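One structure is given below, encoded as structure tokens.
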Amino acid sequence: MLPMTTSKVSRWDQHGREHVVQVQKAGMQRQLSCGTCGWRRKAQFLPWLKAEEHLAEAHQATVDPSAPAS
């Protein structure tokens, strides 16, 4: 059995709410799951980009908390 690792993509919406998509990795396969709405998707390539797209489209969450403030 392959070891599983987990990371996350988080973004804030215009109301200051945080939305998180968990990225679980096992081998070449990655499973995305949104903590806000329960959306799930398998992604082999570019899972973090797909997570960012979901957050922007479904939740209008586009503010990256790790980006420096300007």
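Here's how to read the names in the structure tokens: chain A, B, ... by the order shown, residue numbers from 1 in each chain, ligand numbers from 1 in the order shown.
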Give me, as a PyMOL selection string, the residues of chain A that a backbone DSSP run labels strand (DSSP E or B).
chain A and resi 4-12+18-26+29-34+40-43+63
So that I can see what lies close to stretch 30-42 of chain A, please list as JSON, numbers by chain the residues with an atom at most 12 Å from it, counting only C-alpha atoms and leaving out residues fewer than 2 positions away in the same chain.
{"A": [4, 5, 6, 7, 8, 9, 10, 11, 12, 13, 17, 18, 19, 20, 21, 22, 23, 24, 25, 26, 27, 28, 44, 45, 46, 47, 48, 49, 50, 51, 52, 53, 54, 55, 58, 59, 61]}
Any chance you could export the current selection's N, CA, C and O atoms as a CSV table (one decimal), in the first residue's frame?
```
chain,number,residue,atom,x,y,z
A,4,MET,N,0.1,7.8,2.1
A,4,MET,CA,-0.7,8.9,1.7
A,4,MET,C,-0.2,10.2,2.4
A,4,MET,O,0.1,10.2,3.6
A,5,THR,N,0.0,11.3,1.6
A,5,THR,CA,0.3,12.5,2.2
A,5,THR,C,-0.8,13.5,1.9
A,5,THR,O,-1.6,13.4,1.0
A,6,THR,N,-0.9,14.5,2.8
A,6,THR,CA,-2.0,15.5,2.6
A,6,THR,C,-1.4,16.9,2.7
A,6,THR,O,-0.5,17.2,3.5
A,7,SER,N,-1.9,17.8,1.8
A,7,SER,CA,-1.6,19.2,1.8
A,7,SER,C,-2.9,19.9,1.6
A,7,SER,O,-4.0,19.3,1.5
A,8,LYS,N,-2.8,21.2,1.6
A,8,LYS,CA,-4.1,22.0,1.4
A,8,LYS,C,-3.8,23.3,0.6
A,8,LYS,O,-2.7,23.8,0.6
A,9,VAL,N,-4.9,23.7,0.0
A,9,VAL,CA,-4.9,25.0,-0.7
A,9,VAL,C,-6.0,25.8,0.0
A,9,VAL,O,-7.1,25.4,0.1
A,10,SER,N,-5.6,27.0,0.5
A,10,SER,CA,-6.6,27.8,1.2
A,10,SER,C,-6.6,29.2,0.6
A,10,SER,O,-5.6,29.7,0.2
A,11,ARG,N,-7.8,29.7,0.5
A,11,ARG,CA,-8.1,31.1,0.0
A,11,ARG,C,-9.2,31.7,0.8
A,11,ARG,O,-10.0,31.0,1.4
A,12,TRP,N,-9.2,33.0,0.9
A,12,TRP,CA,-10.2,33.8,1.6
A,12,TRP,C,-11.1,34.5,0.6
A,12,TRP,O,-10.7,34.9,-0.5
A,13,ASP,N,-12.4,34.6,0.9
A,13,ASP,CA,-13.3,35.3,0.1
A,13,ASP,C,-13.3,36.8,0.5
A,13,ASP,O,-12.6,37.2,1.4
A,17,ARG,N,-13.8,35.0,4.9
A,17,ARG,CA,-14.0,33.6,5.3
A,17,ARG,C,-12.9,32.8,4.6
A,17,ARG,O,-12.7,33.0,3.4
A,18,GLU,N,-12.4,31.9,5.3
A,18,GLU,CA,-11.4,31.0,4.7
A,18,GLU,C,-12.1,29.7,4.1
A,18,GLU,O,-13.0,29.2,4.7
A,19,HIS,N,-11.6,29.3,2.9
A,19,HIS,CA,-12.1,28.1,2.3
A,19,HIS,C,-10.9,27.3,2.0
A,19,HIS,O,-9.9,27.8,1.5
A,20,VAL,N,-11.0,26.0,2.2
A,20,VAL,CA,-9.9,25.1,2.1
A,20,VAL,C,-10.2,23.9,1.3
A,20,VAL,O,-11.3,23.3,1.5
A,21,VAL,N,-9.3,23.5,0.4
A,21,VAL,CA,-9.4,22.3,-0.4
A,21,VAL,C,-8.2,21.4,0.0
A,21,VAL,O,-7.1,21.8,0.0
A,22,GLN,N,-8.5,20.2,0.6
A,22,GLN,CA,-7.5,19.3,1.0
A,22,GLN,C,-7.0,18.5,-0.3
A,22,GLN,O,-7.9,18.1,-1.1
A,23,VAL,N,-5.7,18.3,-0.4
A,23,VAL,CA,-5.2,17.5,-1.5
A,23,VAL,C,-4.5,16.3,-0.9
A,23,VAL,O,-3.5,16.4,-0.2
A,24,GLN,N,-5.1,15.1,-1.1
A,24,GLN,CA,-4.5,13.9,-0.6
A,24,GLN,C,-3.8,13.2,-1.7
A,24,GLN,O,-4.4,13.0,-2.8
A,25,LYS,N,-2.6,12.8,-1.5
A,25,LYS,CA,-1.7,12.1,-2.5
A,25,LYS,C,-1.4,10.7,-2.1
A,25,LYS,O,-0.9,10.5,-1.0
A,26,ALA,N,-1.6,9.8,-3.1
A,26,ALA,CA,-1.2,8.4,-2.9
A,26,ALA,C,-0.6,8.0,-4.3
A,26,ALA,O,-1.4,7.8,-5.2
A,27,GLY,N,0.7,7.9,-4.4
A,27,GLY,CA,1.3,7.5,-5.7
A,27,GLY,C,1.1,8.7,-6.7
A,27,GLY,O,1.3,9.8,-6.4
A,28,MET,N,0.6,8.3,-7.9
A,28,MET,CA,0.4,9.3,-8.9
A,28,MET,C,-1.0,10.0,-8.8
A,28,MET,O,-1.3,11.0,-9.4
A,44,GLN,N,-4.9,13.8,-11.5
A,44,GLN,CA,-3.5,13.3,-11.6
A,44,GLN,C,-2.5,14.4,-11.8
A,44,GLN,O,-1.4,14.4,-11.3
A,45,PHE,N,-2.9,15.4,-12.6
A,45,PHE,CA,-2.0,16.5,-12.9
A,45,PHE,C,-2.6,17.8,-12.4
A,45,PHE,O,-3.8,18.1,-12.5
A,46,LEU,N,-1.7,18.7,-12.0
A,46,LEU,CA,-2.0,20.0,-11.5
A,46,LEU,C,-3.2,20.1,-10.5
A,46,LEU,O,-4.1,20.9,-10.6
A,47,PRO,N,-3.1,19.3,-9.4
A,47,PRO,CA,-4.2,19.3,-8.5
A,47,PRO,C,-4.3,20.6,-7.7
A,47,PRO,O,-5.5,21.0,-7.4
A,48,TRP,N,-3.2,21.3,-7.5
A,48,TRP,CA,-3.3,22.6,-6.8
A,48,TRP,C,-4.0,23.7,-7.6
A,48,TRP,O,-4.8,24.5,-7.1
A,49,LEU,N,-3.7,23.6,-8.9
A,49,LEU,CA,-4.4,24.6,-9.8
A,49,LEU,C,-5.9,24.3,-9.9
A,49,LEU,O,-6.7,25.2,-9.9
A,50,LYS,N,-6.3,23.0,-9.9
A,50,LYS,CA,-7.7,22.6,-10.0
A,50,LYS,C,-8.4,23.1,-8.6
A,50,LYS,O,-9.5,23.5,-8.6
A,51,ALA,N,-7.7,23.0,-7.5
A,51,ALA,CA,-8.2,23.4,-6.2
A,51,ALA,C,-8.4,24.9,-6.2
A,51,ALA,O,-9.4,25.4,-5.8
A,52,GLU,N,-7.4,25.7,-6.7
A,52,GLU,CA,-7.5,27.1,-6.8
A,52,GLU,C,-8.7,27.5,-7.7
A,52,GLU,O,-9.5,28.4,-7.4
A,53,GLU,N,-8.9,26.8,-8.8
A,53,GLU,CA,-10.0,27.1,-9.7
A,53,GLU,C,-11.3,26.9,-9.0
A,53,GLU,O,-12.3,27.7,-9.2
A,54,HIS,N,-11.5,25.8,-8.3
A,54,HIS,CA,-12.7,25.5,-7.6
A,54,HIS,C,-13.0,26.6,-6.6
A,54,HIS,O,-14.1,27.1,-6.5
A,55,LEU,N,-12.0,27.0,-5.8
A,55,LEU,CA,-12.2,28.0,-4.8
A,55,LEU,C,-12.7,29.3,-5.4
A,55,LEU,O,-13.5,30.0,-4.9
A,58,ALA,N,-16.4,28.5,-7.3
A,58,ALA,CA,-17.5,28.1,-6.4
A,58,ALA,C,-17.7,29.0,-5.2
A,58,ALA,O,-18.9,29.2,-4.7
A,59,HIS,N,-16.6,29.6,-4.7
A,59,HIS,CA,-16.7,30.4,-3.5
A,59,HIS,C,-16.2,31.8,-3.6
A,59,HIS,O,-16.2,32.5,-2.6
A,61,ALA,N,-13.4,32.8,-3.7
A,61,ALA,CA,-12.3,32.9,-2.7
A,61,ALA,C,-11.0,32.9,-3.5
A,61,ALA,O,-10.5,32.0,-4.0
```
Chain A: which residues are helix (DSSP H, G or I) by DSSP, as a count of residues only?
13
Taking only C-alpha atoms into account, name the residue in A:Glu57, A:Gln29, A:Pro68, A:Val63 that is nearest to A:Gln14.
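With only C-alpha atoms as the atom set, the closest residue is A:Val63.
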